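Working notes, structure below.
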Amino acid sequence: MTVVSVLNYKGGVGKTTLTANIGAELASRGKKILLVDLDPQASLTFSFYEPIVWEQYLAHERTIQQWFGSLLNQPAADPLNLYVVTPPAVNQIVEANGGRLDLIASHLELVDVDVEFAHRLGGATFSHASPNFLRLHRSLRDALSSEAFDAYDLIMIDCPPNFTMTTRTAVVASDYLLVPAKPDYLSTLGIDYLRRRLSMLITEYNKAVSSPDEQINPTMLGIVYTMIQYGGAEPIVAQRGYLDQPTKIEVPRFAQTLRDSKTFFGPAGEDGIPAVLRVGGNEVVQFELQQIASELYAKVRN
């Protein structure tokens, strides 16, 4: 079982698109995939469930918000596997090849959890001197270490566009980190800052644990550039300079990029089936998504 967190400080860079489509593509190849939605916008959740279905069947008892509530308000958190759901539409497709795609859904009020986390840690600085530092930071890691999750080939966590506590729990739980980015100034500006914040968290956490065996060191898989605009066979001139940005800050990048296609991705989630599996879709974009999924899986299996 391998855990990959998908994160970037900048919103609107394709975190949810990549998470949903990589998960669906690998499930269609016969893999057992779990997606965890930590973003209060719940876009990943709504990629598989209509809001009315979410409200009726998930919102009150079956989301990550309730699990975090059990962590914060009970002596011991509930088993996380109790919150796993299996979206029906996408699984009707992937189960034909022996795959499965499960989800831990998000909640629109998840933002309140970070406020409670900060209170328990004595403020927004999340000091490692707090007696709750380790318990809260490692909560998701401990939960995913249950044998209930051993059957999954890959777990992907869709993080919010910030570095508050929910994101920090995901980083601590992760073996690998994936950073989607648009090739523009604002999207690439924070990549080096994100890397520094990750380094600080890893250092703080490893100082707090009692044994070297408990230390963490998630690997940066690299940056996946999304929303590429083409002029002929090449990306437009305005974007080309940013495509080399990772090499300047010594962050790897994926060979495959993902082009912009508003007409293709616009209706994503309406039928609960990610774009990569949509019949009659844009074959070029679907091929790019398939290649990204292959590249990621090869990296985590090496």
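Just so we're on the same page: first chain in the structure tokens is A, next is B, and so on; residues restart at 1 for each chain, and ligands are numbered from 1 in the order they show up.
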
Just list the residues in range 103-266 of chain A DSSP gives strand (DSSP E or B) on the backbone, as a compact mmCIF listing (two decimals) with C-alpha atoms, in the first residue's frame.
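Result went into selection.txt, see below:
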```txt
# COMPACT_ATOMS: atom_id res chain seq x y z
CA LEU A 103 -13.46 7.15 -1.71
CA ILE A 104 -13.37 8.86 1.65
CA ALA A 105 -15.57 11.87 1.01
CA LEU A 154 -2.49 3.00 -4.12
CA ILE A 155 -4.03 5.66 -1.88
CA MET A 156 -4.19 9.21 -3.25
CA ILE A 157 -4.99 12.20 -1.03
CA ASP A 158 -6.39 15.37 -2.62
CA TYR A 176 5.21 10.38 -2.09
CA LEU A 177 4.11 13.91 -3.03
CA LEU A 178 2.75 15.07 -6.39
CA VAL A 179 2.53 18.76 -7.31
CA PRO A 180 0.25 19.84 -10.18
CA ALA A 181 0.97 23.31 -11.57
CA THR A 219 9.63 11.59 -1.79
CA MET A 220 8.78 14.38 -4.22
CA LEU A 221 7.57 12.56 -7.33
CA GLY A 222 7.63 15.80 -9.25
CA ILE A 223 5.55 18.49 -10.88
CA VAL A 224 2.87 17.69 -13.43
CA TYR A 225 2.17 20.66 -15.66
CA ILE A 228 -1.07 23.55 -21.35
CA TYR A 230 -0.89 24.77 -27.66
CA GLY A 231 -0.14 26.87 -30.69
CA GLU A 234 4.19 23.33 -29.31
CA PRO A 235 2.99 25.02 -26.10
CA ARG A 253 8.96 17.13 -13.38
CA ARG A 259 -3.31 20.16 -22.16
```

Residue neighbourhood Val111 in chain A, 12 Å, only C-alpha atoms, exclusion window fewer than 2 positions, as a ChimeraX atom specification: /A:38-42,64-65,68,106-109,113-118,160-162,164-167

With C-alpha atoms kept, could you save the residues just selected as a CSV table (one decimal), in the first residue's frame?
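Now in result03.csv:
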```
chain,number,residue,atom,x,y,z
A,38,LEU,CA,-9.3,16.6,2.3
A,39,ASP,CA,-10.3,19.7,0.4
A,40,PRO,CA,-13.3,21.5,2.0
A,41,GLN,CA,-14.5,22.4,-1.6
A,42,ALA,CA,-15.2,18.7,-1.9
A,64,ILE,CA,-13.7,12.7,6.7
A,65,GLN,CA,-15.1,15.6,8.8
A,68,PHE,CA,-11.7,14.0,12.3
A,106,SER,CA,-15.0,15.4,2.1
A,107,HIS,CA,-17.4,17.9,3.7
A,108,LEU,CA,-18.0,21.6,3.0
A,109,GLU,CA,-17.5,22.4,6.7
A,113,VAL,CA,-11.5,21.2,11.6
A,114,ASP,CA,-8.4,23.2,11.1
A,115,VAL,CA,-9.6,25.8,13.7
A,116,GLU,CA,-10.0,23.0,16.2
A,117,PHE,CA,-6.6,21.5,15.4
A,118,ALA,CA,-5.0,24.9,16.0
A,160,PRO,CA,-6.6,21.7,0.0
A,161,PRO,CA,-4.6,24.6,-1.4
A,162,ASN,CA,-2.9,25.5,1.9
A,164,THR,CA,-2.8,23.9,7.5
A,165,MET,CA,-3.3,20.9,9.7
A,166,THR,CA,-5.3,18.7,7.3
A,167,THR,CA,-2.6,19.1,4.7
```

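Here CA of Leu194 in chain A is placed at a distance of 9.2 Å from CA of Leu7 in chain A.
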
Set the distance at 10 Å and use only C-alpha atoms: which residues neighbour Ala208 in chain A once local chain neighbours fewer than 3 positions away are removed? I'd like the list as a PyMOL selection string. chain A and resi 128-130+133-134+202-205+211+214-215

Take the residues that were just selected and, keeping C-alpha atoms, output them as a short mmCIF file (atom, residue, chain, number, x, y, z; two decimals), in the first residue's frame.
```cif
data_model
loop_
_atom_site.label_atom_id
_atom_site.label_comp_id
_atom_site.auth_asym_id
_atom_site.auth_seq_id
_atom_site.Cartn_x
_atom_site.Cartn_y
_atom_site.Cartn_z
CA HIS A 128 6.17 20.53 18.13
CA ALA A 129 6.42 21.30 21.86
CA SER A 130 2.67 20.79 22.17
CA PHE A 133 1.74 17.50 18.22
CA LEU A 134 2.53 13.88 17.41
CA ILE A 202 9.57 16.82 8.10
CA THR A 203 12.35 18.19 10.33
CA GLU A 204 9.92 19.17 13.10
CA TYR A 205 8.13 15.85 12.99
CA SER A 211 12.75 6.43 17.28
CA GLU A 214 9.14 6.46 13.16
CA GLN A 215 10.69 9.21 11.07
#
```

Would you pick out the contacts of Gln286 in chain A at 10 Å or less, using only C-alpha atoms, so that residues sharing its chain but fewer than 4 positions from it are not included, and give the list as an MDAnalysis selection string? chainID A and resid 21 25 258 264 275:278 281:282 290:292

If we count only C-alpha atoms, what is near range 140-148 of chain A at a cut-off of 6 Å, once residues fewer than 4 positions away on the same chain are taken out, given as a ChimeraX atom specification? /A:80,169,173

Atomic distance CA of Arg195 in chain A - CA of Ser5 in chain A, expressed in Å with one decimal: 13.6 Å

Write out as JSON lines a residue-level contact list of range 97-127 of chain A versus range 26-36 of chain A with cut-off 6 Å: for each qualifying residue the closest pair of atoms and the distance in Å to one decimal, counting only C-alpha atoms, rows sorted by chain and residue number upward.
```
{"residue": "A:Asn97", "atom": "CA", "partner": "A:Gly30", "partner_atom": "CA", "distance": 5.1}
{"residue": "A:Gly98", "atom": "CA", "partner": "A:Gly30", "partner_atom": "CA", "distance": 4.7}
{"residue": "A:Gly99", "atom": "CA", "partner": "A:Gly30", "partner_atom": "CA", "distance": 3.7}
{"residue": "A:Arg100", "atom": "CA", "partner": "A:Lys32", "partner_atom": "CA", "distance": 4.9}
{"residue": "A:Leu101", "atom": "CA", "partner": "A:Ile33", "partner_atom": "CA", "distance": 4.9}
{"residue": "A:Asp102", "atom": "CA", "partner": "A:Leu34", "partner_atom": "CA", "distance": 4.7}
{"residue": "A:Leu103", "atom": "CA", "partner": "A:Leu35", "partner_atom": "CA", "distance": 4.8}
{"residue": "A:Ile104", "atom": "CA", "partner": "A:Val36", "partner_atom": "CA", "distance": 4.8}
```

Convert the current residue selection to file output with all heavy atoms, as a CSV table (one decimal), in the first residue's frame.
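Ended up saving to part-v8.csv:
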```csv
chain,number,residue,atom,x,y,z
A,97,ASN,N,-12.6,-5.2,-15.1
A,97,ASN,CA,-11.2,-5.6,-15.2
A,97,ASN,C,-10.6,-6.0,-13.8
A,97,ASN,O,-9.4,-6.1,-13.6
A,97,ASN,CB,-10.3,-4.5,-15.8
A,97,ASN,CG,-10.7,-4.2,-17.2
A,97,ASN,OD1,-11.0,-5.1,-18.0
A,97,ASN,ND2,-10.6,-2.9,-17.6
A,98,GLY,N,-11.5,-6.2,-12.9
A,98,GLY,CA,-11.1,-6.6,-11.5
A,98,GLY,C,-10.6,-5.4,-10.7
A,98,GLY,O,-10.0,-5.7,-9.6
A,99,GLY,N,-10.8,-4.2,-11.1
A,99,GLY,CA,-10.4,-3.1,-10.3
A,99,GLY,C,-11.5,-2.6,-9.4
A,99,GLY,O,-12.6,-3.0,-9.4
A,100,ARG,N,-11.1,-1.6,-8.5
A,100,ARG,CA,-12.1,-1.0,-7.6
A,100,ARG,C,-11.6,0.4,-7.3
A,100,ARG,O,-10.4,0.6,-7.0
A,100,ARG,CB,-12.3,-1.8,-6.3
A,100,ARG,CG,-13.5,-1.2,-5.5
A,100,ARG,CD,-13.9,-2.1,-4.3
A,100,ARG,NE,-13.0,-1.9,-3.2
A,100,ARG,CZ,-12.2,-2.8,-2.7
A,100,ARG,NH1,-12.1,-4.0,-3.2
A,100,ARG,NH2,-11.4,-2.5,-1.6
A,101,LEU,N,-12.5,1.3,-7.2
A,101,LEU,CA,-12.1,2.7,-6.8
A,101,LEU,C,-13.0,3.1,-5.6
A,101,LEU,O,-14.2,3.2,-5.8
A,101,LEU,CB,-12.3,3.7,-7.9
A,101,LEU,CG,-11.7,5.1,-7.7
A,101,LEU,CD1,-11.2,5.7,-8.9
A,101,LEU,CD2,-12.8,6.0,-7.1
A,102,ASP,N,-12.4,3.3,-4.5
A,102,ASP,CA,-13.1,3.7,-3.3
A,102,ASP,C,-12.8,5.1,-2.9
A,102,ASP,O,-11.8,5.7,-3.4
A,102,ASP,CB,-12.8,2.8,-2.1
A,102,ASP,CG,-13.4,1.4,-2.2
A,102,ASP,OD1,-14.3,1.2,-3.0
A,102,ASP,OD2,-12.8,0.5,-1.6
A,103,LEU,N,-13.6,5.7,-2.0
A,103,LEU,CA,-13.5,7.1,-1.7
A,103,LEU,C,-13.8,7.4,-0.2
A,103,LEU,O,-14.7,6.7,0.3
A,103,LEU,CB,-14.5,8.0,-2.6
A,103,LEU,CG,-14.6,9.4,-2.2
A,103,LEU,CD1,-13.4,10.2,-2.7
A,103,LEU,CD2,-15.9,10.0,-2.9
A,104,ILE,N,-13.0,8.3,0.4
A,104,ILE,CA,-13.4,8.9,1.7
A,104,ILE,C,-13.7,10.3,1.3
A,104,ILE,O,-12.9,11.1,0.9
A,104,ILE,CB,-12.2,8.8,2.7
A,104,ILE,CG1,-11.9,7.3,3.0
A,104,ILE,CG2,-12.6,9.5,4.0
A,104,ILE,CD1,-10.8,7.2,4.0
```

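Comparing A:Gly232, A:Met227, A:Pro131, A:Gly190 by their smallest distance to Lys262 in chain A, the closest is A:Met227 (using only C-alpha atoms).
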